[in-house]
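Trainee: protein_26.cif (mmCIF, C-alpha atoms) pasted underneath:
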```cif
data_my_file
loop_
_atom_site.label_atom_id
_atom_site.label_comp_id
_atom_site.auth_asym_id
_atom_site.auth_seq_id
_atom_site.Cartn_x
_atom_site.Cartn_y
_atom_site.Cartn_z
CA MET A 14 -43.87 -12.46 -12.47
CA ALA A 15 -44.90 -16.12 -12.95
CA ARG A 16 -44.23 -15.85 -16.68
CA ASP A 17 -40.74 -14.47 -16.03
CA ARG A 18 -40.10 -17.33 -13.64
CA TRP A 19 -40.95 -19.97 -16.25
CA ALA A 20 -39.62 -18.23 -19.37
CA GLY A 21 -36.65 -16.28 -17.95
CA TRP A 22 -33.05 -17.43 -17.90
CA PRO A 23 -31.16 -17.77 -14.63
CA MET A 24 -29.15 -14.65 -13.78
CA ARG A 25 -25.75 -14.52 -15.44
CA GLU A 26 -23.91 -14.63 -12.10
CA SER A 27 -25.47 -18.02 -11.36
CA LEU A 28 -24.36 -19.46 -14.72
CA THR A 29 -20.68 -18.91 -13.98
CA ARG A 30 -18.48 -20.84 -11.57
CA VAL A 31 -17.06 -17.72 -9.97
CA GLY A 32 -17.21 -17.94 -6.21
CA ILE A 33 -17.77 -21.71 -6.00
CA PRO A 34 -15.80 -23.07 -3.01
CA ARG A 35 -12.80 -25.25 -3.74
CA ALA A 36 -14.35 -28.16 -1.85
CA ARG A 37 -17.45 -27.99 -4.05
CA THR A 38 -15.29 -27.94 -7.16
CA VAL A 39 -13.41 -31.02 -5.96
CA LEU A 40 -16.67 -32.84 -5.19
CA ASP A 41 -18.04 -31.97 -8.63
CA GLY A 42 -14.86 -33.32 -10.22
CA VAL A 43 -15.07 -36.55 -8.23
CA LEU A 44 -18.73 -36.97 -9.22
CA ILE A 45 -17.99 -36.42 -12.92
CA VAL A 46 -15.06 -38.86 -12.86
CA SER A 47 -17.15 -41.44 -11.00
CA LEU A 48 -20.10 -41.23 -13.38
CA SER A 49 -17.79 -41.32 -16.41
CA SER A 50 -15.92 -44.34 -15.05
CA TRP A 51 -19.15 -46.14 -14.22
CA ALA A 52 -20.60 -45.44 -17.66
CA GLY A 53 -17.39 -46.49 -19.40
CA TYR A 54 -17.04 -49.67 -17.35
CA SER A 55 -20.69 -50.55 -17.95
CA ALA A 56 -20.30 -49.95 -21.67
CA TYR A 57 -17.39 -52.38 -21.98
CA ALA A 58 -18.89 -54.83 -19.48
CA SER A 59 -22.00 -55.11 -21.66
CA GLU A 60 -19.80 -56.69 -24.38
CA ALA A 61 -21.62 -54.50 -26.89
CA PHE A 62 -18.39 -52.80 -27.93
CA ASP A 63 -15.94 -55.58 -28.66
CA GLY A 64 -13.41 -55.63 -31.46
CA PRO A 65 -13.36 -52.63 -33.78
CA ARG A 66 -16.30 -51.09 -31.90
CA ALA A 67 -14.21 -50.71 -28.74
CA VAL A 68 -13.30 -47.19 -29.76
CA LEU A 69 -16.93 -46.04 -29.83
CA PRO A 70 -17.33 -45.42 -26.05
CA LEU A 71 -14.20 -43.27 -26.08
CA LEU A 72 -15.48 -41.27 -29.04
CA GLY A 73 -18.84 -40.93 -27.33
CA PHE A 74 -17.15 -39.65 -24.16
CA LEU A 75 -15.19 -37.06 -26.13
CA GLY A 76 -18.34 -35.97 -27.95
CA CYS A 77 -20.22 -35.58 -24.68
CA ALA A 78 -17.36 -33.56 -23.15
CA ALA A 79 -17.35 -31.19 -26.14
CA ALA A 80 -21.15 -30.86 -25.97
CA VAL A 81 -21.06 -30.06 -22.25
CA LEU A 82 -18.46 -27.33 -22.76
CA GLY A 83 -20.47 -25.91 -25.64
CA TYR A 84 -23.64 -26.07 -23.55
CA ARG A 85 -22.04 -24.03 -20.77
CA ALA A 86 -20.95 -21.39 -23.28
CA THR A 87 -24.30 -21.15 -25.07
CA THR A 88 -26.33 -20.98 -21.87
CA LEU A 89 -24.00 -18.28 -20.54
CA ASP A 90 -24.93 -16.24 -23.63
CA ASN A 91 -28.64 -17.17 -23.24
CA ARG A 92 -28.80 -18.82 -26.67
CA LEU A 93 -31.68 -21.26 -26.46
CA LEU A 94 -31.54 -23.19 -29.74
CA PRO A 95 -27.78 -23.89 -29.64
CA SER A 96 -28.16 -24.95 -25.99
CA LEU A 97 -30.93 -27.38 -26.88
CA GLY A 98 -28.77 -28.63 -29.72
CA MET A 99 -25.94 -29.47 -27.31
CA LEU A 100 -28.33 -31.33 -25.01
CA ALA A 101 -29.79 -33.15 -28.00
CA ALA A 102 -26.30 -34.30 -28.98
CA ILE A 103 -25.71 -35.78 -25.50
CA ALA A 104 -29.12 -37.45 -25.53
CA ALA A 105 -28.43 -38.82 -29.02
CA ILE A 106 -25.17 -40.37 -27.84
CA GLY A 107 -27.16 -41.98 -25.01
CA ALA A 108 -29.67 -43.31 -27.51
CA ALA A 109 -26.83 -44.77 -29.60
CA ALA A 110 -25.43 -46.45 -26.51
CA TYR A 111 -28.84 -47.93 -25.67
CA LYS A 112 -29.30 -49.19 -29.20
CA GLY A 113 -25.88 -50.79 -29.02
CA GLY A 114 -26.89 -52.68 -25.90
CA ALA A 115 -25.37 -50.47 -23.18
CA ALA A 116 -28.36 -49.40 -21.05
CA VAL A 117 -26.39 -48.03 -18.07
CA PRO A 118 -24.37 -45.44 -20.05
CA ALA A 119 -27.58 -44.40 -21.80
CA THR A 120 -29.33 -43.87 -18.47
CA VAL A 121 -26.39 -41.85 -17.09
CA LEU A 122 -26.34 -39.60 -20.16
CA TRP A 123 -30.11 -39.03 -20.14
CA VAL A 124 -30.15 -38.27 -16.42
CA CYS A 125 -27.25 -35.81 -16.81
CA THR A 126 -29.05 -34.18 -19.73
CA GLY A 127 -32.17 -33.61 -17.64
CA VAL A 128 -30.23 -32.28 -14.65
CA MET A 129 -28.24 -29.85 -16.79
CA ALA A 130 -31.44 -28.65 -18.44
CA MET A 131 -33.09 -27.98 -15.06
CA GLU A 132 -30.00 -26.19 -13.79
CA ARG A 133 -29.31 -23.76 -16.63
CA LEU A 134 -32.27 -23.42 -19.04
CA PRO A 135 -35.46 -21.37 -18.64
CA LEU A 136 -37.63 -23.38 -16.27
CA GLY A 137 -40.44 -24.06 -18.72
CA VAL A 138 -38.03 -25.29 -21.39
CA ALA A 139 -36.14 -27.36 -18.82
CA VAL A 140 -39.28 -29.18 -17.66
CA GLY A 141 -40.19 -29.83 -21.29
CA THR A 142 -36.74 -31.26 -21.92
CA VAL A 143 -37.09 -33.65 -18.98
CA ALA A 144 -40.50 -34.69 -20.28
CA VAL A 145 -38.93 -35.61 -23.62
CA LEU A 146 -36.43 -37.82 -21.78
CA VAL A 147 -39.10 -39.76 -19.83
CA PRO A 148 -39.54 -42.42 -22.58
CA GLY A 149 -35.85 -43.15 -22.28
CA PHE A 150 -36.22 -43.70 -18.53
CA VAL A 151 -39.07 -46.10 -19.27
CA LEU A 152 -36.95 -48.06 -21.75
CA THR A 153 -34.06 -48.50 -19.31
CA ASP A 154 -36.23 -49.41 -16.29
CA ASP A 155 -39.14 -51.82 -16.72
CA THR A 156 -40.41 -51.53 -13.13
CA GLU A 157 -43.62 -49.68 -12.33
CA LEU A 158 -42.15 -46.90 -10.18
CA GLY A 159 -38.63 -46.79 -11.62
CA PRO A 160 -39.20 -44.25 -14.42
CA LEU A 161 -41.32 -42.08 -12.12
CA LEU A 162 -38.66 -42.06 -9.40
CA THR A 163 -35.92 -41.33 -11.95
CA THR A 164 -37.89 -38.41 -13.40
CA ALA A 165 -38.61 -37.01 -9.93
CA ALA A 166 -34.95 -37.37 -8.96
CA VAL A 167 -33.84 -35.52 -12.12
CA LEU A 168 -36.30 -32.70 -11.51
CA LEU A 169 -35.39 -32.32 -7.83
CA ALA A 170 -31.62 -32.61 -8.34
CA GLY A 171 -31.60 -30.14 -11.22
CA TYR A 172 -33.88 -27.69 -9.47
CA SER A 173 -31.78 -27.89 -6.28
CA LEU A 174 -28.66 -27.05 -8.27
CA ARG A 175 -30.58 -24.20 -9.91
CA LEU A 176 -31.62 -22.75 -6.52
CA ASP A 177 -28.09 -23.10 -5.17
CA ALA A 178 -26.65 -21.27 -8.18
CA ALA A 179 -29.34 -18.59 -7.94
CA ALA A 180 -28.51 -17.97 -4.29
CA ARG A 181 -24.83 -17.64 -5.13
CA GLY A 182 -25.61 -15.33 -8.05
CA THR A 183 -27.85 -13.17 -5.88
CA GLY A 184 -25.06 -12.86 -3.34
CA PHE A 185 -22.60 -11.73 -6.01
CA ARG A 186 -25.13 -9.26 -7.41
CA LEU A 187 -25.77 -7.78 -3.95
CA LEU A 188 -22.02 -7.56 -3.37
CA ALA A 189 -21.57 -5.70 -6.67
CA GLN A 190 -24.40 -3.33 -5.76
CA GLU A 191 -22.85 -2.70 -2.35
CA ARG A 192 -19.48 -1.92 -3.95
CA ALA A 193 -21.15 0.44 -6.41
CA ALA A 194 -22.99 2.16 -3.55
CA ARG A 195 -19.74 2.57 -1.61
CA GLU A 196 -17.97 3.98 -4.65
CA ALA A 197 -20.84 6.41 -5.23
CA GLU A 198 -20.74 7.42 -1.57
CA ALA A 199 -16.98 7.96 -1.72
CA THR A 200 -17.33 9.99 -4.91
CA SER A 201 -20.08 12.09 -3.35
CA ALA A 202 -17.97 12.69 -0.26
CA ALA A 203 -14.98 13.69 -2.40
CA LEU A 204 -17.11 16.11 -4.42
CA ALA A 205 -18.52 17.61 -1.24
CA GLU A 206 -15.02 18.08 0.16
CA ARG A 207 -13.81 19.64 -3.08
CA ALA A 208 -16.77 22.00 -3.02
CA ARG A 209 -15.93 22.95 0.56
CA ILE A 210 -12.30 23.63 -0.36
CA ALA A 211 -13.47 25.67 -3.35
CA ARG A 212 -15.67 27.78 -1.10
CA GLU A 213 -12.78 28.33 1.32
CA ILE A 214 -10.45 29.38 -1.50
CA HIS A 215 -13.09 31.67 -2.95
CA ASP A 216 -13.90 33.28 0.39
CA VAL A 217 -10.24 33.88 1.31
CA LEU A 218 -7.90 33.99 -1.68
CA ALA A 219 -10.24 35.20 -4.41
CA HIS A 220 -11.64 38.00 -2.25
CA SER A 221 -8.14 38.98 -1.17
CA LEU A 222 -6.90 39.17 -4.76
CA SER A 223 -9.97 41.12 -5.81
CA ALA A 224 -9.34 43.62 -3.01
CA GLN A 225 -5.69 43.92 -4.09
CA LEU A 226 -6.77 44.65 -7.65
CA VAL A 227 -9.02 47.42 -6.42
CA HIS A 228 -6.28 49.01 -4.32
CA LEU A 229 -3.67 48.66 -7.08
CA GLU A 230 -6.00 50.24 -9.61
CA ALA A 231 -6.63 53.12 -7.22
CA ALA A 232 -2.89 53.50 -6.69
CA ARG A 233 -2.26 53.51 -10.43
CA LEU A 234 -4.82 56.23 -11.02
CA ARG A 235 -3.39 58.28 -8.17
CA ILE A 236 0.20 57.93 -9.39
CA GLU A 237 -0.75 58.88 -12.94
CA GLN A 238 -1.95 62.26 -11.60
CA GLU A 239 1.55 63.07 -10.30
CA PRO A 240 4.01 65.08 -12.43
CA GLU A 241 6.22 63.18 -14.85
CA GLY A 242 9.54 61.96 -13.44
CA MET A 243 11.83 58.96 -13.15
CA PHE A 244 10.65 58.05 -9.65
CA ARG A 245 7.00 58.42 -10.62
CA ASN A 246 7.48 56.27 -13.73
CA GLN A 247 9.28 53.55 -11.79
CA ILE A 248 6.56 53.37 -9.17
CA LEU A 249 3.86 53.34 -11.84
CA GLU A 250 5.62 50.51 -13.66
CA ARG A 251 5.81 48.46 -10.49
CA VAL A 252 2.18 49.07 -9.64
CA VAL A 253 1.04 48.14 -13.14
CA ALA A 254 3.13 44.94 -12.98
CA ALA A 255 1.71 44.09 -9.55
CA ARG A 256 -1.80 44.66 -10.87
CA ALA A 257 -1.13 42.32 -13.82
CA MET A 258 0.22 39.65 -11.47
CA ALA A 259 -2.82 40.00 -9.21
CA ARG A 260 -5.12 39.69 -12.22
CA GLU A 261 -3.30 36.55 -13.40
CA GLY A 262 -3.43 35.13 -9.90
CA LEU A 263 -7.15 35.77 -9.73
CA ALA A 264 -7.66 34.10 -13.10
CA GLU A 265 -5.64 31.07 -11.96
CA THR A 266 -7.61 30.93 -8.74
CA ARG A 267 -10.86 30.89 -10.66
CA GLN A 268 -9.54 28.09 -12.86
CA ALA A 269 -8.61 26.08 -9.78
CA LEU A 270 -12.07 26.66 -8.35
CA SER A 271 -13.64 25.52 -11.60
CA ALA A 272 -11.49 22.37 -11.54
CA LEU A 273 -12.54 21.60 -7.97
CA ARG A 274 -16.18 22.01 -8.91
CA GLY A 275 -15.83 20.03 -12.12
CA GLU A 276 -16.76 23.02 -14.27
CA LEU A 277 -13.64 23.34 -16.41
CA ALA A 278 -14.07 24.34 -20.04
CA PRO A 279 -12.58 21.93 -22.61
CA VAL A 280 -8.80 22.12 -22.54
CA GLU A 281 -8.60 22.82 -26.29
CA ASP A 282 -10.76 25.93 -25.83
CA TYR A 283 -8.52 27.11 -23.02
CA LEU A 284 -5.40 26.65 -25.15
CA SER A 285 -6.98 28.59 -28.01
CA GLU A 286 -7.77 31.49 -25.69
CA LEU A 287 -4.31 31.35 -24.13
CA ALA A 288 -2.63 31.30 -27.55
CA ALA A 289 -4.75 34.21 -28.79
CA ALA A 290 -3.84 36.29 -25.75
CA ASP A 291 -0.10 35.65 -26.27
CA GLY A 292 -0.03 35.78 -30.05
CA ALA A 293 0.81 32.08 -30.32
CA VAL A 294 -0.54 29.47 -32.73
CA ALA A 295 -2.56 26.55 -31.31
CA GLU A 296 -3.45 23.35 -33.16
CA VAL A 297 -5.46 20.32 -32.06
CA THR A 298 -5.29 16.85 -33.63
CA GLY A 299 -7.03 13.57 -32.89
CA GLU A 300 -10.54 12.79 -31.75
CA ARG A 301 -11.47 15.19 -29.00
CA ARG A 302 -12.79 13.71 -25.75
CA PRO A 303 -13.33 14.84 -22.15
CA LEU A 304 -10.28 14.63 -19.92
CA SER A 305 -10.00 14.04 -16.21
CA ALA A 306 -9.57 17.11 -14.05
CA GLU A 307 -5.98 16.10 -13.23
CA ALA A 308 -4.93 15.61 -16.86
CA SER A 309 -6.70 18.80 -17.95
CA GLN A 310 -5.01 20.83 -15.22
CA ALA A 311 -1.61 19.40 -16.13
CA VAL A 312 -2.03 20.49 -19.76
CA ARG A 313 -3.23 23.95 -18.74
CA ARG A 314 -0.43 24.54 -16.25
CA VAL A 315 2.32 23.36 -18.58
CA ALA A 316 1.01 25.54 -21.43
CA GLN A 317 0.77 28.53 -19.13
CA GLU A 318 4.25 27.95 -17.71
CA ALA A 319 5.82 27.45 -21.13
CA LEU A 320 4.34 30.70 -22.45
CA THR A 321 5.48 32.53 -19.32
CA ASN A 322 9.03 31.31 -19.87
CA VAL A 323 8.92 32.40 -23.50
CA ARG A 324 7.80 35.90 -22.50
CA LYS A 325 10.56 36.07 -19.91
CA HIS A 326 13.50 34.55 -21.79
CA ALA A 327 12.63 34.87 -25.51
CA PRO A 328 10.33 37.85 -25.97
CA GLY A 329 9.07 38.19 -29.51
CA ALA A 330 9.61 34.51 -30.38
CA VAL A 331 7.01 32.71 -32.48
CA VAL A 332 5.27 30.03 -30.39
CA ARG A 333 3.37 27.00 -31.74
CA MET A 334 1.30 24.73 -29.50
CA LEU A 335 0.16 21.30 -30.68
CA LEU A 336 -2.37 19.35 -28.60
CA ALA A 337 -2.77 15.74 -29.76
CA PHE A 338 -5.49 13.38 -28.54
CA ARG A 339 -3.95 9.93 -28.84
CA GLU A 340 -5.10 6.48 -27.82
CA GLY A 341 -4.65 6.28 -24.08
CA GLU A 342 -2.84 9.62 -23.69
CA ILE A 343 -2.85 13.34 -24.34
CA ALA A 344 0.26 15.02 -25.77
CA LEU A 345 1.18 18.69 -25.74
CA ASP A 346 4.16 20.11 -27.69
CA ILE A 347 5.09 23.78 -27.31
CA ARG A 348 7.90 25.17 -29.49
CA ASP A 349 9.27 28.65 -29.85
CA SER A 350 11.52 30.06 -32.56
CA GLY A 351 13.96 31.60 -30.08
CA ALA A 352 15.03 35.24 -29.75
CA GLY A 353 18.77 35.01 -29.25
CA ALA A 354 18.48 34.64 -25.49
CA GLU A 355 19.03 31.78 -23.08
CA HIS A 356 15.91 30.17 -21.71
CA GLY A 357 17.36 29.49 -18.31
CA ASP A 358 16.77 26.38 -16.24
CA LEU A 359 13.51 24.52 -15.87
CA THR A 360 12.67 26.02 -12.52
CA ALA A 361 12.50 29.57 -13.79
CA SER A 362 9.02 31.05 -13.91
CA GLY A 363 7.41 34.37 -13.46
CA SER A 364 4.27 32.87 -11.93
CA GLY A 365 5.98 30.80 -9.24
CA TYR A 366 5.43 27.43 -10.89
CA GLY A 367 8.52 26.08 -12.64
CA LEU A 368 8.57 23.48 -15.36
CA LEU A 369 10.29 21.22 -12.86
CA GLY A 370 7.13 21.32 -10.79
CA MET A 371 5.13 20.57 -13.92
CA ARG A 372 7.37 17.57 -14.58
CA GLU A 373 6.61 16.27 -11.11
CA ARG A 374 2.89 16.80 -11.71
CA ALA A 375 3.10 14.80 -14.96
CA GLU A 376 5.03 11.96 -13.32
CA LEU A 377 2.46 11.72 -10.52
CA LEU A 378 -0.14 11.11 -13.23
CA GLY A 379 2.02 8.42 -14.84
CA GLY A 380 3.19 10.72 -17.65
CA SER A 381 6.34 12.62 -18.53
CA LEU A 382 7.55 16.12 -19.35
CA GLU A 383 10.66 16.97 -21.35
CA ALA A 384 12.06 20.42 -22.00
CA GLY A 385 15.18 21.53 -23.79
CA PRO A 386 16.75 23.37 -26.73
CA ASP A 387 15.39 22.63 -30.19
CA GLY A 388 17.47 24.27 -32.88
CA GLU A 389 17.45 28.01 -32.20
CA GLY A 390 14.42 27.77 -29.96
CA PHE A 391 13.07 25.71 -27.09
CA VAL A 392 10.56 22.85 -26.87
CA VAL A 393 8.39 21.51 -24.07
CA ARG A 394 6.81 18.05 -24.51
CA LEU A 395 4.12 16.77 -22.16
CA ARG A 396 2.66 13.24 -22.21
CA VAL A 397 -0.14 12.33 -19.80
CA PRO A 398 -2.30 9.17 -19.74
CA ALA A 399 -5.89 10.09 -20.59
#
```
Would you write out, as C-alpha cells, the structure that this file holds?
Mentor:
Amino acid sequence: MARDRWAGWPMRESLTRVGIPRARTVLDGVLIVSLSSWAGYSAYASEAFDGPRAVLPLLGFLGCAAAVLGYRATTLDNRLLPSLGMLAAIAAIGAAAYKGGAAVPATVLWVCTGVMAMERLPLGVAVGTVAVLVPGFVLTDDTELGPLLTTAAVLLAGYSLRLDAAARGTGFRLLAQERAAREAEATSAALAERARIAREIHDVLAHSLSAQLVHLEAARLRIEQEPEGMFRNQILERVVAARAMAREGLAETRQALSALRGELAPVEDYLSELAAADGAVAEVTGERRPLSAEASQAVRRVAQEALTNVRKHAPGAVVRMLLAFREGEIALDIRDSGAGAEHGDLTASGSGYGLLGMRERAELLGGSLEAGPDGEGFVVRLRVPA
C-alpha cells in the first residue's frame, strides 16, 4: 500500500478539470495572470532584456504555456518521461532567465514547476523533482531560512492541491459507481418483471392454446371417422385450419416468452428455419452480431408477416429473404415473384398482425418499413438501428 502511494499516479478523475467550480476556475485564472504579469514585469524591470533581447521574455512565456499544456496531456495519459521533459523545459527557461539576470521570473518558474510536480506526478517522483529544484531556490535567496521555507511552501502547496484533486476524483468515482449500481438495479428489476410477465403468459395463454390443440386434435380424429360428405369435409377443413392457427399461436407465444427471458435464438437461424418451412430462400450478409430483443423481434415479426401475406395473396410465388448486417443497422428485404394476384393493403394478415403494425413497430425503434409492388411481385424492406 505504501509503495502504491509513492509510486502510483493520481486517479484519472483527479487529473481532469471536470467538476471544478466556476469560482475556483476564475481564481486559478486570476492567479496565473498575476504570476505571469509579475514575472514579466520583473523580467523587464531587471533591465536584462533591453534592445533586441526584449522579445526573449515573450518567447519564454509562450514556451512555458506550451510546456504546461503538454504536461497536462502527458500526465493525463500517465506518461512519466514526457511529463518530466515538460517540467524540465519550464525549469530550463527559468534557468535561462536567472542567467540573464532576472531572478524573480526564475523563482516563479521553479516554484510553479515544483507545485505542478507535487500535484500531478507519482509522489516519489514529485518529491525528487522538488529536491532537484532546491539549488535554484538557494541561488535566488541568500538568506538562511529562505530556501528552506520556499521548499516547504512548494511541497505543502503542491500536496494540498493533490489532496483536493484526489477528493474531487474520489467523489466522481463514487458517483459513477452509484450510477452503475442504479442502472444494474433497474436492469435487474426489469428482468424480474419480464420474467413475471413471461410466467403469467405461460400459465394462461400457453396452457390455453395447448388445451385447444388437444381438443382440436380430438375433434379432427372424431370427424375423420364419420362417413364422407360435403358437410363432414367442410367441418374437417375448418378444424384442421383452427388447429394450424392454434399451433402457430403457440409457437409465437413461445417466441415471445423466449424474448422476455432473453433466450431468443439468433435471428438468422430463425429466418433460415422460417424460410425452410415455407419453401423460401434466405440469405445473410455482413458480419453477424447479437441484436437487441426489440430489433430481433421486429425482424422476426416482419418476416413472418410478409410470408403470411405471400401465402394468402400470392400462393406459389418464389420468395427470397435477404438479411444484411450493416454498420449501425439491420436490414431485411423480402421479395416474391408474384402469382398474378393482388397483394391487398398493408393491414391484411392471416395472423392478426398487419404490416402496418410492423411499420409502427419499426418506427418506434427509430427505423422504417416500406412495402409495395416490385415488378410482378411485392417487396417488403425493413431498416432497424442495431
Trainee: What gap, in Å, lies between CA of Leu97 (chain A) and CA of Leu176 (chain A)?
Mentor: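 Between these atoms lies a distance of 20.9 Å.
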Trainee: Using all atoms listed in the file, which residue out of A:Ala375, A:Ala179, A:Leu48, A:Ala290 lies closest to Val117 (chain A)?
Mentor: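 Among A:Ala375, A:Ala179, A:Leu48, A:Ala290, it is A:Leu48 that comes nearest to Val117 (chain A).
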Trainee: Find the distance between CA of Leu335 (chain A) and CA of Val294 (chain A) and write it in Å to one decimal.
Mentor: 8.5 Å
Trainee: The PyMOL selection byres ((chain A and resi 149) around 10) - which residues does that actually catch in the file I just gave you? List them as a list in words.
Mentor: Ala104, Gly107, Ala108, Tyr111, Ala116, Ala119, Thr120, Trp123, Val124, Ala144, Val145, Leu146, Val147, Pro148, Phe150, Val151, Leu152, Thr153, Asp154 and Pro160 of chain A
Trainee: What is the distance, in Å and to one decimal place, between CA of Phe185 (chain A) and CA of Arg25 (chain A)?
Mentor: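 So the answer is 10.3 Å.
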Trainee: Got a sec to resolve the PyMOL selection byres ((chain A and resi 377) around 12) on this structure and send the residues as a count of residues only?
Mentor: 18
Trainee: Given the PyMOL selection byres ((chain A and resi 73) around 12) and the file above, list the residues it selects as a PyMOL selection string.
Mentor: chain A and resi 49+52-53+56+62+66-72+74-80+102-110+118-119+122
Trainee: Would you mind telling me which residue in A:Ile347, A:Val227, A:Ala255, A:Leu304 lies nearest to Gln317 (chain A) when using all atoms listed in the file?
Mentor: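 Using all atoms listed in the file, the shortest distance to Gln317 (chain A) belongs to A:Ile347.
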Trainee: As a PDB file with C-alpha atoms, keeping the file's coordinate frame, please: the residues near Ile33 (chain A) (cut-off 10 Å, only C-alpha atoms, same-chain neighbours under 4 positions excluded).
Mentor:
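Below you can see out17.pdb, which holds the result:
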```pdb
ATOM      1  CA  THR A  29     -20.680 -18.910 -13.980  1.00  0.00           C
ATOM      2  CA  ARG A  37     -17.450 -27.990  -4.050  1.00  0.00           C
ATOM      3  CA  THR A  38     -15.290 -27.940  -7.160  1.00  0.00           C
ATOM      4  CA  ALA A 178     -26.650 -21.270  -8.180  1.00  0.00           C
ATOM      5  CA  ARG A 181     -24.830 -17.640  -5.130  1.00  0.00           C
TER       6      ARG A 181
END
```
Trainee: Return as JSON the centre and edge lengths, in Å with one decimal, of the box along x, y and z that encloses every atom of region 290-298 of chain A in the file, padded by 4 Å per side.
Mentor:
```
{"center_x": -2.3, "center_y": 26.6, "center_z": -29.7, "size_x": 14.3, "size_y": 27.4, "size_z": 15.9}
```
Trainee: Please identify all polymer residues within 12 Å of Tyr84 (chain A), counting all atoms listed in the file, omitting same-chain residues fewer than 3 positions from it, and present them as a VMD selection string.
Mentor: chain A and resid 28 77 to 81 87 to 103 126 129 to 130 132 to 134
Trainee: From the set A:Ala194, A:Val312, A:Ala306, A:Ala208, which residue has the shortest atom-to-atom contact distance to Tyr283 (chain A), counting only C-alpha atoms?
Mentor: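 The closest residue to Tyr283 (chain A) is A:Val312.
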Trainee: Show which residues sit within 12 Å of His228 (chain A), as a PyMOL selection string. Count only C-alpha atoms, and ignore same-chain residues fewer than 3 positions away.
Mentor: chain A and resi 221-225+231-235+252-253+255-256+259
Trainee: Could you take the residues named above and write them with C-alpha atoms, as an mmCIF file, keeping the file's coordinate frame?
Mentor:
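The file below, part-v9.cif, is the result:
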```cif
data_model
loop_
_atom_site.group_PDB
_atom_site.id
_atom_site.type_symbol
_atom_site.label_atom_id
_atom_site.label_comp_id
_atom_site.auth_asym_id
_atom_site.auth_seq_id
_atom_site.Cartn_x
_atom_site.Cartn_y
_atom_site.Cartn_z
ATOM 1 C CA SER A 221 -8.140 38.980 -1.170
ATOM 2 C CA LEU A 222 -6.900 39.170 -4.760
ATOM 3 C CA SER A 223 -9.970 41.120 -5.810
ATOM 4 C CA ALA A 224 -9.340 43.620 -3.010
ATOM 5 C CA GLN A 225 -5.690 43.920 -4.090
ATOM 6 C CA ALA A 231 -6.630 53.120 -7.220
ATOM 7 C CA ALA A 232 -2.890 53.500 -6.690
ATOM 8 C CA ARG A 233 -2.260 53.510 -10.430
ATOM 9 C CA LEU A 234 -4.820 56.230 -11.020
ATOM 10 C CA ARG A 235 -3.390 58.280 -8.170
ATOM 11 C CA VAL A 252 2.180 49.070 -9.640
ATOM 12 C CA VAL A 253 1.040 48.140 -13.140
ATOM 13 C CA ALA A 255 1.710 44.090 -9.550
ATOM 14 C CA ARG A 256 -1.800 44.660 -10.870
ATOM 15 C CA ALA A 259 -2.820 40.000 -9.210
#
```
